[in-house]
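What follows is the content of protein_30.cif (mmCIF, C-alpha atoms).
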data_run
loop_
_atom_site.label_atom_id
_atom_site.label_comp_id
_atom_site.auth_asym_id
_atom_site.auth_seq_id
_atom_site.Cartn_x
_atom_site.Cartn_y
_atom_site.Cartn_z
CA MET A 988 95.68 54.55 109.46
CA ASN A 989 93.16 56.59 107.53
CA ILE A 990 93.79 60.33 107.28
CA VAL A 991 90.77 62.57 106.66
CA LEU A 992 91.65 65.83 104.93
CA SER A 993 89.14 68.64 105.41
CA SER A 994 88.46 70.97 102.51
CA PRO A 995 89.22 74.69 102.87
CA GLN A 996 85.46 75.33 103.03
CA GLU A 997 85.01 72.88 105.88
CA LYS A 998 87.92 74.43 107.77
CA ARG A 999 86.46 77.90 107.28
CA MET A 1000 83.07 76.77 108.52
CA GLN A 1001 84.68 75.18 111.57
CA ASP A 1002 86.45 78.46 112.33
CA ILE A 1003 83.10 80.29 112.19
CA VAL A 1004 81.49 77.63 114.38
CA GLU A 1005 84.17 78.14 117.00
CA LYS A 1006 83.86 81.94 116.81
CA ALA A 1007 80.07 81.85 117.14
CA ARG A 1008 80.13 79.44 120.08
CA SER A 1009 82.80 81.42 121.91
CA GLY A 1010 80.94 84.71 121.46
CA GLU A 1011 83.47 86.22 119.06
CA ARG A 1012 81.89 88.72 116.66
CA LEU A 1013 81.54 87.61 113.04
CA THR A 1014 83.05 89.75 110.28
CA LEU A 1015 81.86 90.83 106.85
CA GLU A 1016 83.90 87.99 105.34
CA ASP A 1017 82.35 85.47 107.72
CA GLY A 1018 78.83 86.57 106.81
CA VAL A 1019 79.48 86.42 103.08
CA PHE A 1020 80.98 82.94 103.47
CA LEU A 1021 77.84 81.77 105.27
CA TYR A 1022 75.66 83.09 102.45
CA GLN A 1023 77.81 81.28 99.89
CA SER A 1024 77.81 78.02 101.85
CA ASP A 1025 75.24 75.33 101.12
CA ASP A 1026 75.50 73.96 104.67
CA LEU A 1027 72.16 75.31 105.84
CA LEU A 1028 71.88 72.79 108.67
CA THR A 1029 75.12 73.93 110.33
CA ILE A 1030 74.20 77.60 109.89
CA GLY A 1031 70.73 76.98 111.29
CA GLN A 1032 72.09 74.99 114.24
CA LEU A 1033 74.52 77.78 115.12
CA ALA A 1034 71.74 80.37 114.90
CA ASN A 1035 69.47 78.23 117.05
CA GLU A 1036 72.20 77.94 119.67
CA ALA A 1037 72.70 81.71 119.63
CA ASN A 1038 68.97 82.32 120.02
CA MET A 1039 68.62 79.76 122.79
CA ARG A 1040 71.36 81.54 124.75
CA LYS A 1041 69.43 84.81 124.47
CA ASN A 1042 65.80 83.72 124.67
CA GLY A 1043 65.57 80.05 125.53
CA LYS A 1044 62.45 78.50 124.03
CA LYS A 1045 60.41 81.68 124.29
CA VAL A 1046 58.85 82.99 121.06
CA TYR A 1047 57.05 86.32 121.12
CA PHE A 1048 53.96 87.72 119.39
CA ILE A 1049 51.68 90.72 119.77
CA GLU A 1050 48.03 91.51 119.10
CA ASN A 1051 48.27 94.42 116.67
CA MET A 1052 46.60 96.19 113.78
CA SER A 1053 48.19 97.67 110.67
CA LEU A 1054 46.89 101.13 109.77
CA TYR A 1055 47.57 103.18 106.64
CA PHE A 1056 46.32 106.76 106.64
CA THR A 1057 47.37 107.45 103.03
CA ASN A 1058 48.85 105.66 100.04
CA VAL A 1059 49.63 108.88 98.15
CA CYS A 1060 53.40 109.15 97.86
CA GLU A 1061 55.87 111.49 96.22
CA ALA A 1062 58.48 108.71 96.02
CA HIS A 1063 58.59 106.25 93.13
CA CYS A 1064 60.66 103.42 94.60
CA GLY A 1065 61.24 100.66 92.06
CA PHE A 1066 59.91 97.84 94.25
CA CYS A 1067 56.74 99.47 95.66
CA SER A 1068 53.24 98.43 94.60
CA PHE A 1069 51.45 100.24 97.43
CA ARG A 1070 51.99 103.90 96.43
CA LYS A 1071 49.62 106.00 94.31
CA ASP A 1072 49.72 109.48 92.81
CA GLN A 1073 47.24 112.07 94.01
CA GLY A 1074 43.99 111.57 92.07
CA GLU A 1075 45.00 108.16 90.72
CA ALA A 1076 42.38 105.44 90.89
CA GLY A 1077 42.64 103.76 94.28
CA SER A 1078 44.46 106.63 95.97
CA TYR A 1079 43.19 107.80 99.36
CA THR A 1080 44.01 110.04 102.31
CA LEU A 1081 41.94 109.36 105.42
CA THR A 1082 40.99 111.87 108.06
CA GLY A 1083 41.35 110.97 111.70
CA GLU A 1084 37.59 110.43 111.89
CA GLN A 1085 37.65 108.05 108.93
CA MET A 1086 40.48 106.03 110.45
CA ILE A 1087 38.67 105.85 113.79
CA ALA A 1088 35.60 104.52 112.00
CA TYR A 1089 37.76 101.83 110.34
CA VAL A 1090 39.44 100.86 113.60
CA ASP A 1091 36.11 100.72 115.44
CA GLN A 1092 35.01 98.04 112.94
CA HIS A 1093 38.04 95.79 113.56
CA TYR A 1094 39.17 96.62 117.09
CA HIS A 1095 38.86 94.28 120.05
CA PRO A 1096 40.13 94.81 123.61
CA GLY A 1097 43.16 92.52 123.12
CA VAL A 1098 44.81 94.84 120.59
CA ARG A 1099 47.95 96.34 122.12
CA GLU A 1100 49.59 98.11 119.20
CA PHE A 1101 48.76 100.14 116.11
CA HIS A 1102 51.42 99.69 113.42
CA ILE A 1103 51.14 102.86 111.34
CA VAL A 1104 52.93 103.54 108.04
CA GLY A 1105 51.94 105.09 104.74
CA GLY A 1106 52.89 107.16 101.76
CA HIS A 1107 54.92 110.36 101.72
CA ASN A 1108 51.96 112.55 100.85
CA PRO A 1109 53.14 116.11 100.05
CA HIS A 1110 49.57 117.35 99.58
CA VAL A 1111 48.94 117.50 103.32
CA PRO A 1112 51.03 119.37 105.94
CA PHE A 1113 53.11 117.79 108.68
CA GLN A 1114 50.34 118.68 111.13
CA TYR A 1115 48.12 116.12 109.35
CA TYR A 1116 50.48 113.34 110.45
CA VAL A 1117 50.58 114.72 113.99
CA ASP A 1118 46.80 114.96 114.14
CA SER A 1119 46.48 111.38 112.87
CA LEU A 1120 48.28 110.14 115.96
CA ILE A 1121 46.33 112.43 118.27
CA ALA A 1122 43.03 111.04 116.94
CA LEU A 1123 44.11 107.47 117.70
CA ARG A 1124 45.67 108.34 121.05
CA ASP A 1125 42.53 110.09 122.25
CA ARG A 1126 40.19 107.31 121.09
CA TYR A 1127 42.40 104.36 122.14
CA PRO A 1128 44.71 105.61 124.92
CA GLU A 1129 45.57 102.06 126.00
CA VAL A 1130 47.03 101.09 122.58
CA THR A 1131 50.71 101.77 121.82
CA LEU A 1132 51.33 103.90 118.74
CA LYS A 1133 54.21 102.41 116.74
CA ALA A 1134 54.21 104.80 113.84
CA TYR A 1135 56.14 105.94 110.78
CA THR A 1136 59.39 104.82 109.24
CA ALA A 1137 62.70 106.67 109.38
CA ALA A 1138 62.08 107.62 105.75
CA GLU A 1139 58.76 109.18 106.75
CA ILE A 1140 60.46 111.13 109.55
CA ASP A 1141 62.96 112.46 107.01
CA PHE A 1142 60.05 113.42 104.72
CA PHE A 1143 58.26 115.18 107.60
CA SER A 1144 61.46 117.08 108.32
CA ARG A 1145 61.64 118.31 104.73
CA ILE A 1146 58.01 119.44 104.45
CA SER A 1147 57.99 121.11 107.89
CA ASP A 1148 61.49 122.62 107.87
CA LEU A 1149 62.04 121.05 111.29
CA SER A 1150 64.99 118.97 112.45
CA TYR A 1151 64.62 115.25 113.05
CA LYS A 1152 64.67 115.95 116.78
CA GLU A 1153 61.90 118.56 116.52
CA VAL A 1154 59.76 116.30 114.32
CA LEU A 1155 60.12 113.39 116.72
CA GLU A 1156 59.40 115.55 119.75
CA GLN A 1157 56.13 116.77 118.22
CA LEU A 1158 55.11 113.22 117.32
CA MET A 1159 56.02 111.97 120.80
CA LYS A 1160 53.85 114.69 122.30
CA ALA A 1161 51.04 113.41 120.06
CA GLY A 1162 51.46 109.88 121.38
CA LEU A 1163 54.29 108.25 119.39
CA ARG A 1164 55.96 105.47 121.40
CA SER A 1165 58.13 103.70 118.82
CA LEU A 1166 59.22 103.90 115.18
CA THR A 1167 58.58 101.12 112.69
CA GLY A 1168 61.54 99.60 110.89
CA GLY A 1169 60.63 100.22 107.26
CA GLY A 1170 62.50 102.40 104.80
CA ALA A 1171 65.83 100.66 105.32
CA GLU A 1172 65.57 98.43 102.23
CA ILE A 1173 69.30 97.76 101.68
CA LEU A 1174 71.60 100.29 103.35
CA SER A 1175 73.78 100.83 100.30
CA ASP A 1176 73.79 104.04 98.26
CA GLN A 1177 74.67 102.04 95.14
CA TYR A 1178 71.69 99.75 95.66
CA ARG A 1179 69.37 102.67 96.41
CA LYS A 1180 70.35 104.43 93.20
CA LYS A 1181 69.75 101.33 91.06
CA MET A 1182 66.44 100.50 92.75
CA ARG A 1183 65.24 104.12 92.67
CA VAL A 1184 64.82 104.27 96.44
CA ASP A 1185 63.44 107.79 96.21
CA LYS A 1186 63.55 108.64 99.90
CA ALA A 1187 65.95 108.91 102.86
CA ASN A 1188 69.49 107.80 102.07
CA VAL A 1189 71.65 105.50 104.20
CA ASP A 1190 73.02 108.19 106.51
CA GLN A 1191 69.60 109.79 106.94
CA TYR A 1192 67.95 106.47 107.83
CA LEU A 1193 70.56 105.77 110.48
CA GLU A 1194 70.52 109.34 111.82
CA VAL A 1195 66.74 109.28 112.33
CA HIS A 1196 67.03 106.14 114.43
CA ARG A 1197 70.03 107.54 116.30
CA THR A 1198 68.04 110.67 117.13
CA ALA A 1199 65.03 108.63 118.20
CA HIS A 1200 67.20 106.53 120.50
CA GLN A 1201 68.74 109.65 122.01
CA LEU A 1202 65.21 110.87 122.78
CA GLY A 1203 64.46 107.61 124.58
CA LEU A 1204 62.46 105.85 121.88
CA LYS A 1205 63.07 102.16 121.24
CA THR A 1206 62.72 101.38 117.54
CA HIS A 1207 62.60 98.57 115.00
CA THR A 1208 64.72 98.01 111.91
CA THR A 1209 64.45 95.94 108.73
CA MET A 1210 66.26 94.67 105.64
CA LEU A 1211 64.40 94.13 102.35
CA TYR A 1212 66.34 91.40 100.55
CA GLY A 1213 65.98 89.39 97.38
CA SER A 1214 66.33 91.77 94.42
CA ILE A 1215 69.60 93.06 92.98
CA GLU A 1216 71.71 93.36 96.13
CA THR A 1217 74.84 91.28 96.68
CA HIS A 1218 75.60 89.13 99.68
CA GLU A 1219 78.25 91.68 100.62
CA GLN A 1220 75.62 94.43 100.65
CA ARG A 1221 73.30 92.38 102.88
CA ILE A 1222 76.05 91.72 105.41
CA ASP A 1223 77.25 95.31 105.27
CA HIS A 1224 73.66 96.37 105.99
CA MET A 1225 73.66 94.20 109.11
CA ILE A 1226 77.02 95.59 110.21
CA LYS A 1227 75.80 99.19 109.85
CA ILE A 1228 72.85 98.59 112.15
CA ARG A 1229 75.01 96.49 114.48
CA GLU A 1230 77.36 99.45 114.85
CA LEU A 1231 74.46 101.81 115.62
CA GLN A 1232 73.16 99.31 118.17
CA ASP A 1233 76.61 99.28 119.78
CA GLU A 1234 76.32 103.06 120.05
CA THR A 1235 72.73 103.46 121.27
CA ASN A 1236 71.24 100.06 122.21
CA GLY A 1237 67.95 101.44 120.92
CA PHE A 1238 66.77 98.71 118.53
CA LEU A 1239 64.26 96.17 119.81
CA VAL A 1240 64.35 93.72 116.92
CA PHE A 1241 65.72 93.10 113.42
CA ILE A 1242 63.21 92.12 110.75
CA PRO A 1243 64.44 90.53 107.49
CA LEU A 1244 61.79 91.21 104.85
CA SER A 1245 61.68 88.86 101.87
CA MET A 1246 61.11 90.81 98.64
CA GLN A 1247 57.71 90.14 97.09
CA PRO A 1248 57.03 90.10 93.32
CA LYS A 1249 54.72 92.73 91.85
CA SER A 1250 52.12 90.17 90.86
CA ALA A 1251 50.33 87.73 93.14
CA ASN A 1252 50.34 85.35 90.17
CA ALA A 1253 54.13 85.38 89.84
CA GLY A 1254 55.72 81.93 89.81
CA ILE A 1255 58.11 80.56 92.39
CA ARG A 1256 61.13 81.60 90.34
CA ARG A 1257 60.20 85.24 90.94
CA ARG A 1258 60.29 84.78 94.70
CA ASN A 1259 63.03 84.11 97.22
CA SER A 1260 63.48 80.41 97.88
CA ALA A 1261 62.63 78.95 101.27
CA TYR A 1262 66.32 78.07 101.51
CA GLU A 1263 67.32 81.73 101.06
CA ASP A 1264 64.72 82.95 103.55
CA LEU A 1265 65.84 80.54 106.26
CA LYS A 1266 69.49 81.25 105.62
CA THR A 1267 68.88 85.01 105.92
CA ILE A 1268 67.11 84.63 109.25
CA ALA A 1269 69.88 82.39 110.58
CA ILE A 1270 72.71 84.62 109.37
CA SER A 1271 70.94 87.67 110.81
CA ARG A 1272 70.90 85.97 114.21
CA LEU A 1273 74.62 85.20 113.98
CA MET A 1274 75.72 88.61 112.70
CA LEU A 1275 73.55 90.73 115.02
CA ASP A 1276 74.97 89.57 118.32
CA ASN A 1277 73.80 92.76 120.09
CA PHE A 1278 70.13 92.34 119.10
CA GLN A 1279 67.84 90.47 121.45
CA HIS A 1280 65.37 89.40 118.76
CA ILE A 1281 65.21 88.39 115.11
CA LYS A 1282 61.71 88.40 113.66
CA ALA A 1283 60.26 85.89 111.21
CA TYR A 1284 57.70 87.94 109.30
CA PHE A 1285 55.01 85.45 108.34
CA ILE A 1286 53.38 87.92 105.95
CA ASN A 1287 56.39 87.61 103.62
CA ILE A 1288 57.60 84.04 104.14
CA GLY A 1289 54.36 82.26 105.01
CA THR A 1290 53.22 80.61 108.22
CA GLN A 1291 54.82 77.19 107.76
CA LEU A 1292 58.28 78.56 106.94
CA THR A 1293 57.90 80.90 109.90
CA GLN A 1294 57.39 77.84 112.09
CA VAL A 1295 60.59 76.23 110.77
CA SER A 1296 62.52 79.47 111.30
CA LEU A 1297 61.89 79.21 115.05
CA THR A 1298 64.55 76.47 115.14
CA MET A 1299 66.94 78.59 113.04
CA GLY A 1300 67.36 81.77 115.06
CA ALA A 1301 64.00 83.57 115.07
CA SER A 1302 62.39 84.48 118.40
CA ASP A 1303 59.44 86.56 117.23
CA VAL A 1304 56.59 85.90 114.78
CA HIS A 1305 55.26 89.48 114.76
CA GLY A 1306 51.53 89.63 115.41
CA THR A 1307 47.95 89.28 114.33
CA LEU A 1308 48.30 92.16 111.84
CA VAL A 1309 44.69 92.79 110.90
CA LYS A 1310 44.54 93.73 107.18
CA GLU A 1311 48.20 94.07 106.16
CA ARG A 1312 48.38 95.90 102.81
CA ILE A 1313 51.90 96.79 101.69
CA SER A 1314 53.31 93.29 101.16
CA HIS A 1315 49.98 92.10 99.79
CA ALA A 1316 49.95 94.93 97.26
CA ALA A 1317 53.25 93.45 96.08
CA GLY A 1318 51.93 89.91 95.74
CA ALA A 1319 52.35 88.28 99.16
CA LEU A 1320 50.53 84.93 99.24
CA SER A 1321 50.14 84.76 103.03
CA PRO A 1322 46.95 85.72 104.91
CA GLU A 1323 46.39 89.42 105.63
CA GLY A 1324 46.15 88.58 109.31
CA ILE A 1325 46.17 85.65 111.70
CA THR A 1326 44.37 84.84 114.91
CA ARG A 1327 45.94 84.64 118.34
CA GLU A 1328 44.97 80.97 118.50
CA ASP A 1329 46.74 80.19 115.22
CA LEU A 1330 49.89 82.04 116.32
CA ILE A 1331 49.95 80.04 119.54
CA TRP A 1332 49.47 76.80 117.59
CA LEU A 1333 52.23 77.82 115.18
CA ILE A 1334 54.73 78.43 117.97
CA LYS A 1335 53.84 75.34 120.00
CA GLY A 1336 54.15 73.23 116.86
CA ALA A 1337 57.84 74.14 116.74
CA GLY A 1338 58.33 72.99 120.31
CA ARG A 1339 58.53 76.56 121.60
CA THR A 1340 56.71 78.51 124.30
CA PRO A 1341 54.38 81.28 123.03
CA ILE A 1342 54.76 84.59 124.83
CA GLU A 1343 52.26 87.37 124.24
CA ARG A 1344 54.16 90.67 124.48
CA ASP A 1345 53.70 94.39 124.21
CA THR A 1346 55.61 96.63 121.79
CA PHE A 1347 58.65 96.68 124.08
CA TYR A 1348 58.83 92.92 124.67
CA ASN A 1349 57.37 93.09 128.14
CA GLU A 1350 55.70 89.72 128.71
CA ILE A 1351 51.91 89.86 128.95
CA LYS A 1352 51.04 86.17 129.08
CA VAL A 1353 52.88 82.87 128.80
CA TYR A 1354 51.06 80.04 127.00
CA GLU A 1355 52.47 76.79 128.42
#
Output the file's structure in the form of structure tokens.
Amino acid sequence: MNIVLSSPQEKRMQDIVEKARSGERLTLEDGVFLYQSDDLLTIGQLANEANMRKNGKKVYFIENMSLYFTNVCEAHCGFCSFRKDQGEAGSYTLTGEQMIAYVDQHYHPGVREFHIVGGHNPHVPFQYYVDSLIALRDRYPEVTLKAYTAAEIDFFSRISDLSYKEVLEQLMKAGLRSLTGGGAEILSDQYRKKMRVDKANVDQYLEVHRTAHQLGLKTHTTMLYGSIETHEQRIDHMIKIRELQDETNGFLVFIPLSMQPKSANAGIRRRNSAYEDLKTIAISRLMLDNFQHIKAYFINIGTQLTQVSLTMGASDVHGTLVKERISHAAGALSPEGITREDLIWLIKGAGRTPIERDTFYNEIKVYE
């Protein structure tokens, strides 16, 4: 009789498989083990099973536009290629009228969301940021304003001497419907110190989202991975937002963002591998059991890898994103936008059903 002895690694993976399939929550140690494992197929299969239980074969996208009122920023984060100093070549701060003129050039009636982020510009008052939303709301009342990161809300609080709640209430009155997920980077104070994340700290980032959720806003959240952080820090990041989701149930989606090099000409060794990108999406799906959606952000990982990720835990491919700038300023090789037809083709090519959505994942149209 032949006796097959499993290695400790195989036994550990089997334990995680059983936990995931039974709905038992994965721990920090489980997540780190998955990152250290080279069994991508098992991890991806588990993540696909988890996603199928939540979303079936539905994959979501939205018709949206990315808008950037200013790239002037007081912060000097070590990874950012978008920011400029006041007066530096290429710096700008648009008025509401200038932004409306830009949108008028690119807008079409299918656009459902404006995705609005920018620099922390201390040379304009908080009212400038309020008025920016008012200008868009008045001109395009049918388009949802998903605007500003938690780090921007913290910055607005500092320059206005208002609380997070007061800042958010003024922005909501101006038309704000949801917060973007940026500014999270890695939720580790050690990481943020080393990477010169010169903006809201871990507690402030979480508190802004907590406050937004308490006010009734549904928000988005991210993780920027692929620089100096450890696997433990990535998993701890996921656990922090998982705990806040347990508390508020206010997050719509988790978005892993693959770090981009500072030069578009950087070689493949300066970028995250496809293996690492897929593993991060899959592990995110397994760790974040209280999130409905994990997004594959095609701007950072490319369209073809996005398609593969739909069988490894992702249920959202973001949107058309007319003229994305932040990742492209950092060397992203993907297109700055994509058509509705190409998104539908991308999703169907993975054997999934494309669902056009609004900001809040209400289904607009199913493409059979």
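Put simply, the PyMOL selection byres ((chain A and resi 1073) around 9) in this file takes in Asn1058, Val1059, Cys1060, Glu1061, Lys1071, Asp1072, Gly1074, Glu1075, Ala1076, Ser1078, Tyr1079, Asn1108 and His1110 of chain A.
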Spatial neighbours of Val1154 (chain A), max dist 9 Å, all atoms listed in the file, sep filter under 6 positions, as JSON, numbers by chain = {"A": [1113, 1140, 1141, 1143, 1144, 1147]}
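For the atom pair formed by CA of Ala1269 (chain A) and CA of Ile1049 (chain A), the distance is 22.0 Å, given to one decimal.
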Return as a VMD selection string the set of residues that the PyMOL selection byres ((chain A and resi 1204) around 12) yields on the displayed structure.
-> chain A and resid 1132 to 1134 1152 1155 to 1156 1158 to 1159 1162 to 1167 1195 to 1203 1205 to 1207 1235 to 1239 1346 to 1347
Close residues, Asp1329 (chain A) itself excluded, 12 Å, only C-alpha atoms, min 2 positions apart in chain, as a list in words = Phe1048, Phe1285, Thr1290, Gln1291, Gln1294, Val1304, Gly1306, Thr1307, Pro1322, Gly1324, Ile1325, Thr1326, Arg1327, Ile1331, Trp1332, Leu1333, Ile1334, Lys1335, Gly1336 and Pro1341 of chain A
Proximity to Ile1121 (chain A) - best of A:Ala1137, A:Val1104, A:Leu1265, A:Met1086, only C-alpha atoms |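 Selected residue with least distance to Ile1121 (chain A): A:Met1086.
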Close residues, Gly1338 (chain A) itself excluded, 9 Å, all atoms listed in the file, min 5 positions apart in chain, as a list in words | Lys1044, Leu1297 and Thr1298 of chain A
Determine, counting only C-alpha atoms, which protein, DNA and RNA residues have an atom within 10 Å of an atom of Glu1350 (chain A); residues of the same chain fewer than 5 positions away are not included. Present the result as a PyMOL selection string.
-> chain A and resi 1047-1049+1342-1345
Residues matched by the PyMOL selection byres ((chain A and resi 1093-1097) around 10), written as a list in words =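 After applying the PyMOL selection byres ((chain A and resi 1093-1097) around 10), what remains is Ile1049, Glu1050, Asn1051, Met1052, Ile1087, Ala1088, Tyr1089, Val1090, Asp1091, Gln1092, Val1098, Arg1099, Glu1100, Tyr1127, Glu1129, Val1130, Val1309, Lys1310 and Arg1327 of chain A.
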Between CA of Ser1009 (chain A) and CA of Ala1034 (chain A), distance in Å (one decimal) | 13.1 Å
Here CA of Lys998 (chain A) and CA of Asp1223 (chain A) stand apart by 23.6 Å
Smallest atom-to-atom distance to Arg1339 (chain A): which of A:Pro1243, A:Gly1043, A:Gly1170, A:Gly1077, using all atoms listed in the file?
-> A:Gly1043
Closest to Leu1193 (chain A) among A:Ser1175, A:Lys1180, A:Lys1227, A:Leu1081, using all atoms listed in the file?
->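 Among the listed residues, the smallest separation from Leu1193 (chain A) belongs to A:Lys1227.
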